[in-house]
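K.L.:
Sending over model_37.cif (mmCIF, C-alpha atoms (C1' of nucleotides)).
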```cif
data_model
#
loop_
_atom_site.label_atom_id
_atom_site.label_comp_id
_atom_site.auth_asym_id
_atom_site.auth_seq_id
_atom_site.Cartn_x
_atom_site.Cartn_y
_atom_site.Cartn_z
CA MET A 133 -49.87 13.68 -29.18
CA THR A 134 -50.27 9.93 -29.44
CA PRO A 135 -48.86 7.81 -26.57
CA PRO A 136 -45.21 8.82 -26.30
CA ALA A 137 -44.03 5.26 -25.67
CA VAL A 138 -42.59 4.48 -22.27
CA LYS A 139 -39.89 7.09 -21.84
CA LEU A 140 -38.11 6.54 -18.58
CA THR A 141 -38.23 9.46 -16.16
CA ALA A 142 -34.72 10.40 -15.54
CA ARG A 143 -31.18 10.13 -16.61
CA ARG A 144 -30.87 12.97 -14.18
CA LYS A 145 -29.02 12.02 -11.09
CA SER A 146 -30.02 12.98 -7.58
CA ARG A 147 -27.64 15.27 -5.76
CA PRO A 148 -24.96 13.46 -3.77
CA SER A 149 -26.45 13.64 -0.31
CA PHE A 150 -29.97 12.60 -1.19
CA ALA A 151 -31.20 9.13 -2.00
CA PRO A 152 -32.26 8.72 -5.59
CA LEU A 153 -35.76 7.43 -6.15
CA SER A 154 -36.37 3.82 -5.29
CA ALA A 155 -37.59 1.56 -8.06
CA HIS A 156 -41.16 1.88 -6.90
CA GLU A 157 -41.03 5.60 -6.47
CA ALA A 158 -39.61 5.87 -9.94
CA GLU A 159 -42.35 3.71 -11.34
CA LEU A 160 -44.99 5.79 -9.64
CA ALA A 161 -43.38 8.86 -11.10
CA VAL A 162 -43.69 7.37 -14.56
CA PHE A 163 -47.35 6.77 -13.89
CA PHE A 164 -48.02 10.34 -12.81
CA VAL A 165 -45.96 11.77 -15.62
CA ARG A 166 -47.99 9.79 -18.10
CA MET A 167 -51.29 10.95 -16.69
CA ALA A 168 -50.10 14.50 -16.39
CA GLY A 169 -49.11 14.44 -20.01
CA ILE A 170 -52.72 14.09 -21.01
CA LEU A 171 -53.53 17.38 -19.38
CA GLY A 172 -50.38 19.06 -20.55
CA VAL A 173 -48.85 19.26 -17.12
CA PRO A 174 -45.07 19.23 -17.32
CA ARG A 175 -43.02 16.29 -16.30
CA SER A 176 -41.25 18.03 -13.46
CA VAL A 177 -44.53 18.88 -11.79
CA ALA A 178 -45.76 15.33 -12.03
CA GLU A 179 -42.51 14.02 -10.62
CA ILE A 180 -42.74 16.29 -7.64
CA TYR A 181 -46.27 15.19 -6.98
CA ALA A 182 -45.29 11.55 -7.26
CA LEU A 183 -42.52 12.02 -4.75
CA LEU A 184 -44.83 13.60 -2.21
CA TYR A 185 -47.44 10.98 -2.90
CA ALA A 186 -45.06 8.17 -2.12
CA SER A 187 -43.65 9.78 0.99
CA PRO A 188 -44.94 8.89 4.44
CA ASP A 189 -43.95 12.29 5.80
CA ALA A 190 -44.13 15.76 4.37
CA VAL A 191 -41.19 16.67 2.17
CA ASP A 192 -39.30 19.94 2.03
CA PHE A 193 -37.92 21.98 -0.84
CA ASP A 194 -34.39 20.69 -0.54
CA GLN A 195 -35.41 17.10 -0.41
CA VAL A 196 -37.46 17.52 -3.55
CA GLN A 197 -34.60 19.15 -5.32
CA GLY A 198 -32.09 16.66 -4.02
CA ARG A 199 -33.95 13.46 -4.61
CA LEU A 200 -35.27 14.39 -8.02
CA GLY A 201 -32.08 16.10 -9.02
CA MET A 202 -33.82 19.08 -10.53
CA SER A 203 -33.04 22.77 -10.44
CA LYS A 204 -34.28 25.17 -7.81
CA GLY A 205 -36.26 26.97 -10.44
CA SER A 206 -38.17 23.87 -11.40
CA VAL A 207 -38.88 22.92 -7.83
CA SER A 208 -40.10 26.39 -7.04
CA GLN A 209 -42.35 26.55 -10.06
CA GLY A 210 -43.54 23.03 -9.63
CA LEU A 211 -44.51 23.53 -6.01
CA LYS A 212 -46.20 26.78 -6.93
CA PHE A 213 -48.24 25.06 -9.57
CA LEU A 214 -49.31 22.30 -7.24
CA ARG A 215 -50.06 24.80 -4.50
CA ASP A 216 -52.08 27.04 -6.79
CA HIS A 217 -54.18 24.12 -7.86
CA GLY A 218 -54.76 22.97 -4.35
CA MET A 219 -53.00 19.71 -4.92
CA ILE A 220 -50.57 19.95 -2.04
CA LEU A 221 -50.65 21.35 1.47
CA SER A 222 -47.88 22.82 3.53
CA VAL A 223 -47.22 21.55 6.99
CA LYS A 224 -45.67 24.37 8.96
CA ALA A 225 -42.83 22.77 10.88
CA PRO A 226 -42.17 23.50 14.57
CA GLY A 227 -39.13 25.76 15.00
CA SER A 228 -38.05 25.79 11.40
CA ARG A 229 -38.57 28.31 8.71
CA ARG A 230 -38.93 25.63 6.09
CA GLU A 231 -42.18 24.56 4.64
CA ARG A 232 -42.85 20.91 4.20
CA TRP A 233 -45.32 19.58 1.68
CA GLN A 234 -47.70 16.72 1.33
CA PRO A 235 -50.45 15.85 -1.13
CA THR A 236 -53.95 17.08 -0.48
CA PRO A 237 -56.08 14.27 0.94
CA SER A 238 -58.33 13.89 -2.08
CA LEU A 239 -56.60 13.33 -5.36
CA ALA A 240 -59.99 13.32 -7.01
CA ALA A 241 -60.75 16.81 -5.79
CA SER A 242 -57.33 17.95 -6.92
CA LEU A 243 -57.92 16.63 -10.37
CA VAL A 244 -61.22 18.38 -10.73
CA THR A 245 -59.66 21.63 -9.66
CA LEU A 246 -56.93 21.14 -12.18
CA LEU A 247 -59.32 20.24 -14.93
CA ARG A 248 -61.46 23.20 -14.20
CA SER A 249 -58.56 25.59 -14.24
CA GLN A 250 -57.78 24.44 -17.74
CA VAL A 251 -61.22 24.23 -19.20
CA LEU A 252 -63.17 27.03 -17.59
CA PRO A 253 -61.08 29.90 -18.88
CA ALA A 254 -61.26 28.51 -22.38
CA LEU A 255 -65.02 28.22 -22.17
CA GLU A 256 -65.39 31.71 -20.78
CA GLN A 257 -63.13 33.31 -23.30
CA SER A 258 -64.94 31.61 -26.11
CA SER A 259 -68.43 32.49 -25.08
CA PRO A 260 -68.75 35.94 -26.62
CA SER A 261 -66.89 34.76 -29.63
CA LEU A 262 -69.41 32.00 -30.20
CA GLU A 263 -72.24 34.48 -29.89
CA ARG A 264 -70.72 36.56 -32.63
CA ILE A 265 -70.15 33.57 -34.81
CA VAL A 266 -73.71 32.34 -34.54
CA ALA A 267 -75.08 35.82 -35.07
CA GLY A 268 -72.87 36.27 -38.09
CA ALA A 269 -73.93 32.99 -39.59
CA GLN A 270 -77.60 33.75 -39.12
CA GLY A 271 -77.20 37.25 -40.49
CA THR A 272 -75.56 36.82 -43.84
CA GLN A 273 -75.11 33.72 -45.95
CA ALA A 274 -74.65 30.30 -44.27
CA SER A 275 -76.55 27.11 -44.91
CA PRO A 276 -79.15 25.97 -42.40
CA GLU A 277 -76.96 22.97 -41.79
CA VAL A 278 -74.05 25.08 -40.64
CA ILE A 279 -76.25 27.36 -38.58
CA GLU A 280 -77.62 24.30 -36.86
CA ARG A 281 -74.12 23.08 -36.02
CA LEU A 282 -72.99 26.39 -34.69
CA THR A 283 -76.08 26.82 -32.60
CA ARG A 284 -75.56 23.46 -31.04
CA LEU A 285 -71.99 24.41 -30.26
CA ARG A 286 -73.12 27.53 -28.50
CA ARG A 287 -75.71 25.62 -26.51
CA TRP A 288 -72.98 23.24 -25.35
CA ASN A 289 -70.68 25.99 -24.39
CA ALA A 290 -73.40 27.60 -22.33
CA ARG A 291 -74.37 24.40 -20.63
CA ALA A 292 -70.80 23.50 -19.81
CA LEU A 293 -70.30 26.95 -18.36
CA GLU A 294 -73.16 26.62 -15.97
CA LEU A 295 -72.39 23.05 -15.01
CA PHE A 296 -68.72 23.35 -14.36
CA PRO A 297 -68.80 25.66 -11.40
CA LEU A 298 -71.11 23.23 -9.63
CA MET A 299 -68.61 20.47 -9.97
CA LEU A 300 -66.64 21.34 -6.88
CA PRO A 301 -65.18 23.56 -4.18
CA PRO A 302 -65.38 27.25 -5.03
CA PRO A 303 -62.14 29.00 -6.01
CA ARG A 304 -59.71 28.33 -3.22
CA ASP A 305 -58.04 30.74 -0.84
CA ALA A 306 -56.78 34.21 -1.75
CA MET B 132 -49.92 25.10 -19.65
CA THR B 133 -51.96 27.97 -18.38
CA PRO B 134 -54.27 29.75 -20.84
CA PRO B 135 -51.96 30.85 -23.65
CA ALA B 136 -53.67 34.21 -24.03
CA VAL B 137 -55.58 34.83 -27.21
CA LYS B 138 -53.04 34.07 -29.92
CA LEU B 139 -54.55 34.71 -33.28
CA THR B 140 -54.62 31.73 -35.58
CA ALA B 141 -52.67 32.69 -38.54
CA ARG B 142 -50.31 35.12 -40.03
CA ARG B 143 -50.17 32.48 -42.67
CA LYS B 144 -51.69 33.52 -45.88
CA SER B 145 -54.00 31.41 -47.97
CA ARG B 146 -52.76 30.43 -51.36
CA PRO B 147 -53.65 32.84 -54.17
CA SER B 148 -56.62 31.09 -55.71
CA PHE B 149 -58.42 30.24 -52.50
CA ALA B 150 -60.41 32.57 -50.32
CA PRO B 151 -58.78 33.16 -46.96
CA LEU B 152 -60.96 32.41 -43.96
CA SER B 153 -63.80 34.81 -43.34
CA ALA B 154 -63.85 36.62 -40.04
CA HIS B 155 -66.32 34.16 -38.60
CA GLU B 156 -64.49 31.13 -39.85
CA ALA B 157 -61.32 32.48 -38.35
CA GLU B 158 -63.02 33.09 -35.03
CA LEU B 159 -64.40 29.57 -35.01
CA ALA B 160 -60.92 28.30 -35.72
CA VAL B 161 -59.63 30.16 -32.71
CA PHE B 162 -62.32 28.52 -30.64
CA PHE B 163 -61.46 25.01 -31.79
CA VAL B 164 -57.75 25.62 -31.47
CA ARG B 165 -58.27 26.71 -27.90
CA MET B 166 -60.30 23.67 -27.01
CA ALA B 167 -57.95 21.36 -28.82
CA GLY B 168 -55.08 22.82 -26.87
CA ILE B 169 -56.52 21.38 -23.69
CA LEU B 170 -56.21 17.90 -25.07
CA GLY B 171 -52.89 18.54 -26.71
CA VAL B 172 -54.23 18.37 -30.22
CA PRO B 173 -52.11 20.47 -32.55
CA ARG B 174 -53.31 23.71 -33.95
CA SER B 175 -53.27 22.59 -37.54
CA VAL B 176 -55.64 19.75 -36.80
CA ALA B 177 -58.05 22.02 -34.99
CA GLU B 178 -57.97 24.48 -37.85
CA ILE B 179 -58.83 21.83 -40.34
CA TYR B 180 -61.71 20.65 -38.25
CA ALA B 181 -62.98 24.19 -37.84
CA LEU B 182 -62.92 24.72 -41.57
CA LEU B 183 -64.95 21.60 -42.24
CA TYR B 184 -67.28 22.46 -39.41
CA ALA B 185 -68.06 25.83 -40.88
CA SER B 186 -68.50 24.57 -44.43
CA PRO B 187 -71.92 23.79 -45.85
CA ASP B 188 -70.45 21.25 -48.24
CA ALA B 189 -67.74 18.67 -47.91
CA VAL B 190 -64.26 20.05 -48.50
CA ASP B 191 -61.40 18.46 -50.39
CA PHE B 192 -57.69 18.24 -49.73
CA ASP B 193 -56.76 21.13 -51.95
CA GLN B 194 -59.31 23.44 -50.52
CA VAL B 195 -58.09 22.73 -47.03
CA GLN B 196 -54.54 23.37 -48.05
CA GLY B 197 -55.41 26.43 -50.04
CA ARG B 198 -57.74 28.15 -47.65
CA LEU B 199 -55.68 27.49 -44.55
CA GLY B 200 -52.40 28.06 -46.34
CA MET B 201 -50.73 25.06 -44.83
CA SER B 202 -48.41 22.45 -46.27
CA LYS B 203 -49.50 19.23 -47.89
CA GLY B 204 -47.85 17.31 -45.13
CA SER B 205 -49.85 19.02 -42.45
CA VAL B 206 -53.09 18.58 -44.30
CA SER B 207 -52.41 14.92 -44.85
CA GLN B 208 -51.51 14.31 -41.24
CA GLY B 209 -54.32 16.41 -39.96
CA LEU B 210 -56.93 14.63 -42.02
CA LYS B 211 -55.45 11.31 -41.00
CA PHE B 212 -55.71 12.23 -37.35
CA LEU B 213 -59.30 13.33 -37.69
CA ARG B 214 -60.15 10.28 -39.73
CA ASP B 215 -58.49 7.91 -37.28
CA HIS B 216 -60.46 9.40 -34.46
CA GLY B 217 -63.70 9.17 -36.32
CA MET B 218 -64.15 12.90 -36.33
CA ILE B 219 -64.63 13.32 -40.06
CA LEU B 220 -66.21 11.32 -42.84
CA SER B 221 -65.31 11.15 -46.48
CA VAL B 222 -67.94 11.70 -49.08
CA LYS B 223 -66.91 9.84 -52.18
CA ALA B 224 -67.57 12.22 -55.01
CA PRO B 225 -69.27 11.14 -58.24
CA GLY B 226 -66.76 10.86 -61.11
CA SER B 227 -63.79 12.27 -59.25
CA ARG B 228 -60.90 10.56 -57.55
CA ARG B 229 -60.79 13.17 -54.86
CA GLU B 230 -62.08 12.59 -51.43
CA ARG B 231 -64.15 15.26 -49.81
CA TRP B 232 -64.52 15.59 -46.10
CA GLN B 233 -67.09 16.68 -43.60
CA PRO B 234 -67.37 16.48 -39.85
CA THR B 235 -69.00 13.45 -38.28
CA PRO B 236 -72.56 14.25 -37.25
CA SER B 237 -71.96 14.05 -33.52
CA LEU B 238 -69.20 16.21 -32.19
CA ALA B 239 -69.90 14.76 -28.76
CA ALA B 240 -69.20 11.26 -29.94
CA SER B 241 -66.06 12.47 -31.65
CA LEU B 242 -64.82 14.03 -28.48
CA VAL B 243 -65.36 10.90 -26.46
CA THR B 244 -63.46 8.87 -29.02
CA LEU B 245 -60.65 11.35 -28.90
CA LEU B 246 -60.58 11.41 -25.14
CA ARG B 247 -60.57 7.70 -24.96
CA SER B 248 -57.75 7.37 -27.41
CA GLN B 249 -55.65 9.54 -25.15
CA VAL B 250 -56.60 8.17 -21.79
CA LEU B 251 -57.16 4.47 -22.32
CA PRO B 252 -53.67 3.58 -23.47
CA ALA B 253 -52.19 5.42 -20.52
CA LEU B 254 -54.46 3.56 -18.13
CA GLU B 255 -53.68 0.25 -19.71
CA GLN B 256 -49.97 0.75 -19.77
CA SER B 257 -50.00 1.80 -16.16
CA SER B 258 -52.06 -1.03 -14.83
CA PRO B 259 -49.35 -3.64 -14.31
CA SER B 260 -47.03 -0.97 -13.09
CA LEU B 261 -49.48 0.02 -10.38
CA GLU B 262 -49.83 -3.59 -9.33
CA ARG B 263 -46.10 -3.83 -8.85
CA ILE B 264 -45.98 -0.61 -6.94
CA VAL B 265 -48.69 -1.61 -4.52
CA ALA B 266 -47.20 -5.03 -4.06
CA GLY B 267 -43.81 -3.52 -3.46
CA ALA B 268 -45.15 -1.09 -0.90
CA GLN B 269 -46.97 -3.82 0.98
CA GLY B 270 -43.98 -6.10 0.87
CA THR B 271 -41.14 -4.11 2.28
CA GLN B 272 -41.17 -0.87 4.25
CA ALA B 273 -43.87 1.78 3.57
CA SER B 274 -46.18 3.49 6.00
CA PRO B 275 -49.82 2.39 6.17
CA GLU B 276 -50.68 5.88 5.02
CA VAL B 277 -48.77 5.48 1.77
CA ILE B 278 -50.06 1.98 1.21
CA GLU B 279 -53.56 3.30 1.59
CA ARG B 280 -52.92 6.00 -1.01
CA LEU B 281 -51.42 3.62 -3.48
CA THR B 282 -54.18 1.11 -3.04
CA ARG B 283 -56.77 3.75 -3.71
CA LEU B 284 -54.88 4.75 -6.83
CA ARG B 285 -54.93 1.21 -8.10
CA ARG B 286 -58.63 0.88 -7.40
CA TRP B 287 -59.25 4.00 -9.45
CA ASN B 288 -57.19 2.82 -12.31
CA ALA B 289 -59.09 -0.45 -12.39
CA ARG B 290 -62.46 1.22 -12.21
CA ALA B 291 -61.60 3.69 -14.92
CA LEU B 292 -60.42 0.87 -17.11
CA GLU B 293 -63.68 -1.00 -16.87
CA LEU B 294 -65.84 2.07 -17.21
CA PHE B 295 -64.18 3.69 -20.14
CA PRO B 296 -64.89 1.07 -22.77
CA LEU B 297 -68.57 1.32 -21.97
CA MET B 298 -68.55 4.99 -22.71
CA LEU B 299 -69.04 4.62 -26.42
CA PRO B 300 -68.74 2.95 -29.82
CA PRO B 301 -66.18 0.15 -29.89
CA PRO B 302 -62.89 0.75 -31.75
CA ARG B 303 -63.81 1.84 -35.23
CA ASP B 304 -63.03 0.21 -38.56
CA ALA B 305 -59.78 -1.60 -39.33
"C1'" DG C 171 -32.02 45.81 12.95
"C1'" DC C 172 -28.71 42.20 10.59
"C1'" DG C 173 -27.07 38.17 8.46
"C1'" DT C 174 -28.45 34.27 6.47
"C1'" DA C 175 -31.51 30.35 5.43
"C1'" DT C 176 -35.23 29.85 2.28
"C1'" DG C 177 -37.63 30.87 -1.92
"C1'" DT C 178 -38.67 33.31 -6.22
"C1'" DT C 179 -37.80 35.37 -10.84
"C1'" DC C 180 -36.54 35.40 -15.32
"C1'" DA C 181 -33.49 35.37 -19.39
"C1'" DA C 182 -30.91 31.97 -21.77
"C1'" DA C 183 -30.23 26.95 -23.06
"C1'" DA C 184 -32.13 22.49 -23.78
"C1'" DA C 185 -35.76 19.47 -24.93
"C1'" DT C 186 -39.81 18.53 -27.16
"C1'" DT C 187 -43.34 18.89 -30.63
"C1'" DA C 188 -45.29 20.68 -34.92
"C1'" DT C 189 -44.76 22.01 -39.70
"C1'" DT C 190 -42.80 21.99 -44.14
"C1'" DG C 191 -41.76 20.32 -48.70
"C1'" DA C 192 -39.68 17.35 -51.80
"C1'" DA C 193 -39.58 12.63 -53.06
"C1'" DA C 194 -41.97 8.26 -52.94
"C1'" DC C 195 -46.22 5.91 -53.42
"C1'" DA C 196 -50.88 4.62 -55.09
"C1'" DT C 197 -54.68 4.31 -58.11
"C1'" DC C 198 -57.68 5.61 -61.74
"C1'" DG C 199 -58.98 6.17 -66.51
"C1'" DC C 200 -57.26 5.09 -70.56
"C1'" DG D 92 -48.87 -0.87 -68.71
"C1'" DC D 93 -48.63 4.54 -68.72
"C1'" DG D 94 -49.27 9.06 -67.41
"C1'" DA D 95 -51.63 12.05 -64.54
"C1'" DT D 96 -53.85 13.15 -60.36
"C1'" DG D 97 -54.11 12.73 -55.51
"C1'" DT D 98 -52.02 11.39 -51.10
"C1'" DT D 99 -48.56 9.85 -47.76
"C1'" DT D 100 -43.88 9.72 -45.76
"C1'" DC D 101 -40.21 11.50 -43.44
"C1'" DA D 102 -35.87 14.04 -42.69
"C1'" DA D 103 -34.92 18.76 -41.99
"C1'" DT D 104 -36.42 23.07 -39.96
"C1'" DA D 105 -39.20 25.99 -37.20
"C1'" DA D 106 -42.02 26.96 -33.23
"C1'" DT D 107 -43.13 26.10 -28.68
"C1'" DT D 108 -42.50 24.53 -24.08
"C1'" DT D 109 -39.68 23.19 -20.24
"C1'" DT D 110 -35.69 23.45 -17.48
"C1'" DT D 111 -31.72 25.64 -15.64
"C1'" DG D 112 -29.05 28.63 -12.69
"C1'" DA D 113 -27.51 32.77 -11.10
"C1'" DA D 114 -29.17 37.14 -9.42
"C1'" DC D 115 -32.69 38.99 -6.68
"C1'" DA D 116 -36.19 39.16 -2.79
"C1'" DT D 117 -38.07 38.10 1.94
"C1'" DA D 118 -38.35 37.35 6.39
"C1'" DC D 119 -36.96 34.60 10.49
"C1'" DG D 120 -34.41 33.95 14.45
"C1'" DC D 121 -31.21 36.04 16.86
#
```
Take the structure I supplied and represent it as structure tokens, if you would.

P.N.:
Amino acid sequence: MTPPAVKLTARRKSRPSFAPLSAHEAELAVFFVRMAGILGVPRSVAEIYALLYASPDAVDFDQVQGRLGMSKGSVSQGLKFLRDHGMILSVKAPGSRRERWQPTPSLAASLVTLLRSQVLPALEQSSPSLERIVAGAQGTQASPEVIERLTRLRRWNARALELFPLMLPPPRDA
Amino acid sequence: MTPPAVKLTARRKSRPSFAPLSAHEAELAVFFVRMAGILGVPRSVAEIYALLYASPDAVDFDQVQGRLGMSKGSVSQGLKFLRDHGMILSVKAPGSRRERWQPTPSLAASLVTLLRSQVLPALEQSSPSLERIVAGAQGTQASPEVIERLTRLRRWNARALELFPLMLPPPRDA
DNA sequence: GCGTATGTTCAAAAATTATTGAAACATCGC
DNA sequence: GCGATGTTTCAATAATTTTTGAACATACGC
């Protein structure tokens, strides 16, 4: 909850035939892991993103798994997450079946998408609930003070709901 | 990581001599817990805040513990957290030793403080690291593409660092 | 169409984070 | 000071989240 100290990325070792992360790649990974932590994005996802971010060329599944030394499952889920949030793009290779990945051009846009995907659902789910709460408070007991607070909360919720969708690209793909 | 479904607050039961949460209080707690989840604030803390938020009068330690049915330890830590982030204020009672708590007037301000306390340290810690990374990339190998990315990242970090402190009240108390 | 390279799923294990509660600590009124 | 009330600490436990890996899908190139 409070800053989890430094916490080095990995005592994991990369699979034999892949280079482990260079010092700078590792440091970048630490950076992304730290930032991701704030939004509750798991370490493995942040590490994958960092790797792509530091790579001049698109990176394929096996390279991710090999260089980061993580399981297939994690790589698959991690790439899915990043894909679903529009944070990475696949570069269809020439005669190969493999997909190769690279970060979406705008990290900023990616972050907004990510943020939205976390916040919007919460706001939406809570909306009716807040209505009920305010109604309830006005109905029965409840001090004016509390009613005032709750009303303000509802106003916020509403405003956030209408502002958020404006903040960027409409729901991606299908 | 993704919306954790509804997840009712508590199968915990309030201690005998305290009223359990009313339906509306409970619903408000769910709301706050949900929002808190986004920032990685633990459920118990959100519940405490919700209780204070829905109470016309300031609430003391025992009432929190009793009505929410949580342990002393949790109440103590929860109140500490909220206190440290300037989200609640103590109302020194007349002839009693007990402290009684109520939410800080501006929830907005509280949120910014909270946000800052999570993000700022991460930004600060990462700053030197990013310098090294960029320097390293420029020094040795590294495609222009990657250097460009990393440089942009550093610029962001720097800008965020100078903007954030402006965003609100300087570090509180001592 | 078939065999295999490429990915995905998902239950079980590991890692992390939150909560509890009993013991230590503090402070107030006397 | 002393006892009582009120709060904090922290090691142990519980709850939650993340990762793993082996079994299962898919579809591509032949």

K.L.:
Per residue of stretch 228-263 of chain B within 12 Å of stretch 156-159 of chain A, note the shortest atom pair and the distance in Å to one decimal, counting all atoms listed in the file, and order the rows by chain and increasing residue number, as JSON lines.

P.N.:
```
{"residue": "B:Gln256", "atom": "CA", "partner": "A:Glu159", "partner_atom": "CA", "distance": 11.7}
{"residue": "B:Ser257", "atom": "CA", "partner": "A:Glu159", "partner_atom": "CA", "distance": 9.2}
{"residue": "B:Ser258", "atom": "CA", "partner": "A:Glu159", "partner_atom": "CA", "distance": 11.4}
{"residue": "B:Pro259", "atom": "CA", "partner": "A:Glu159", "partner_atom": "CA", "distance": 10.6}
{"residue": "B:Ser260", "atom": "CA", "partner": "A:Glu159", "partner_atom": "CA", "distance": 6.8}
{"residue": "B:Leu261", "atom": "CA", "partner": "A:Glu159", "partner_atom": "CA", "distance": 8.1}
{"residue": "B:Glu262", "atom": "CA", "partner": "A:His156", "partner_atom": "CA", "distance": 10.5}
{"residue": "B:Arg263", "atom": "CA", "partner": "A:His156", "partner_atom": "CA", "distance": 7.8}
```

K.L.:
Report as a PDB file with C-alpha atoms (C1' of nucleotides), in the coordinates of the input the full result of the PyMOL selection byres ((chain D) within 10 of (chain A)) when it is applied to this structure.

P.N.:
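Contents of selection36.pdb, as written:
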```pdb
ATOM      1  C1'  DT D 108     -42.500  24.530 -24.080  1.00  0.00           C
ATOM      2  C1'  DT D 109     -39.680  23.190 -20.240  1.00  0.00           C
ATOM      3  C1'  DT D 110     -35.690  23.450 -17.480  1.00  0.00           C
ATOM      4  C1'  DT D 111     -31.720  25.640 -15.640  1.00  0.00           C
ATOM      5  C1'  DG D 112     -29.050  28.630 -12.690  1.00  0.00           C
ATOM      6  C1'  DA D 118     -38.350  37.350   6.390  1.00  0.00           C
ATOM      7  C1'  DC D 119     -36.960  34.600  10.490  1.00  0.00           C
ATOM      8  C1'  DG D 120     -34.410  33.950  14.450  1.00  0.00           C
TER       9       DG D 120
END
```

K.L.:
Output the contact residues of chain A with respect to chain B at a cut-off of 9 Å, based on only C-alpha atoms, as a PyMOL selection string.

P.N.:
chain A and resi 133-135+138+155-157+159-160+162-163+166-167+169-174+185-188+239+249-251+253-255+257-258+261-262+264-266+268-269+274-279+281-282+285

K.L.:
Restrict the selected residues to C-alpha atoms and save them as a short mmCIF file (atom, residue, chain, number, x, y, z; two decimals), in the coordinates of the input.

P.N.:
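Full text of selection-v6.cif as output:
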```
data_model
loop_
_atom_site.label_atom_id
_atom_site.label_comp_id
_atom_site.auth_asym_id
_atom_site.auth_seq_id
_atom_site.Cartn_x
_atom_site.Cartn_y
_atom_site.Cartn_z
CA MET A 133 -49.87 13.68 -29.18
CA THR A 134 -50.27 9.93 -29.44
CA PRO A 135 -48.86 7.81 -26.57
CA VAL A 138 -42.59 4.48 -22.27
CA ALA A 155 -37.59 1.56 -8.06
CA HIS A 156 -41.16 1.88 -6.90
CA GLU A 157 -41.03 5.60 -6.47
CA GLU A 159 -42.35 3.71 -11.34
CA LEU A 160 -44.99 5.79 -9.64
CA VAL A 162 -43.69 7.37 -14.56
CA PHE A 163 -47.35 6.77 -13.89
CA ARG A 166 -47.99 9.79 -18.10
CA MET A 167 -51.29 10.95 -16.69
CA GLY A 169 -49.11 14.44 -20.01
CA ILE A 170 -52.72 14.09 -21.01
CA LEU A 171 -53.53 17.38 -19.38
CA GLY A 172 -50.38 19.06 -20.55
CA VAL A 173 -48.85 19.26 -17.12
CA PRO A 174 -45.07 19.23 -17.32
CA TYR A 185 -47.44 10.98 -2.90
CA ALA A 186 -45.06 8.17 -2.12
CA SER A 187 -43.65 9.78 0.99
CA PRO A 188 -44.94 8.89 4.44
CA LEU A 239 -56.60 13.33 -5.36
CA SER A 249 -58.56 25.59 -14.24
CA GLN A 250 -57.78 24.44 -17.74
CA VAL A 251 -61.22 24.23 -19.20
CA PRO A 253 -61.08 29.90 -18.88
CA ALA A 254 -61.26 28.51 -22.38
CA LEU A 255 -65.02 28.22 -22.17
CA GLN A 257 -63.13 33.31 -23.30
CA SER A 258 -64.94 31.61 -26.11
CA SER A 261 -66.89 34.76 -29.63
CA LEU A 262 -69.41 32.00 -30.20
CA ARG A 264 -70.72 36.56 -32.63
CA ILE A 265 -70.15 33.57 -34.81
CA VAL A 266 -73.71 32.34 -34.54
CA GLY A 268 -72.87 36.27 -38.09
CA ALA A 269 -73.93 32.99 -39.59
CA ALA A 274 -74.65 30.30 -44.27
CA SER A 275 -76.55 27.11 -44.91
CA PRO A 276 -79.15 25.97 -42.40
CA GLU A 277 -76.96 22.97 -41.79
CA VAL A 278 -74.05 25.08 -40.64
CA ILE A 279 -76.25 27.36 -38.58
CA ARG A 281 -74.12 23.08 -36.02
CA LEU A 282 -72.99 26.39 -34.69
CA LEU A 285 -71.99 24.41 -30.26
#
```

K.L.:
As an exercise, work out the distance from atom CA of B:Leu220 to atom CA of B:Gln233 in Å and give it to one decimal place.

P.N.:
5.5 Å

K.L.:
Starting from the displayed file, determine the output of the PyMOL selection byres ((chain C) within 9 of (chain B)) and express the residue list as a list in words.

P.N.:
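On the file shown, the PyMOL selection byres ((chain C) within 9 of (chain B)) covers DA188, DT189, DT190, DG191, DT197 and DC198 of chain C.
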
K.L.:
Using atom CA of A:Pro152 and atom CA of A:Leu200 as the two end points, give the distance in Å to one decimal.

P.N.:
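Separation between atom CA of A:Pro152 and atom CA of A:Leu200: 6.9 Å.
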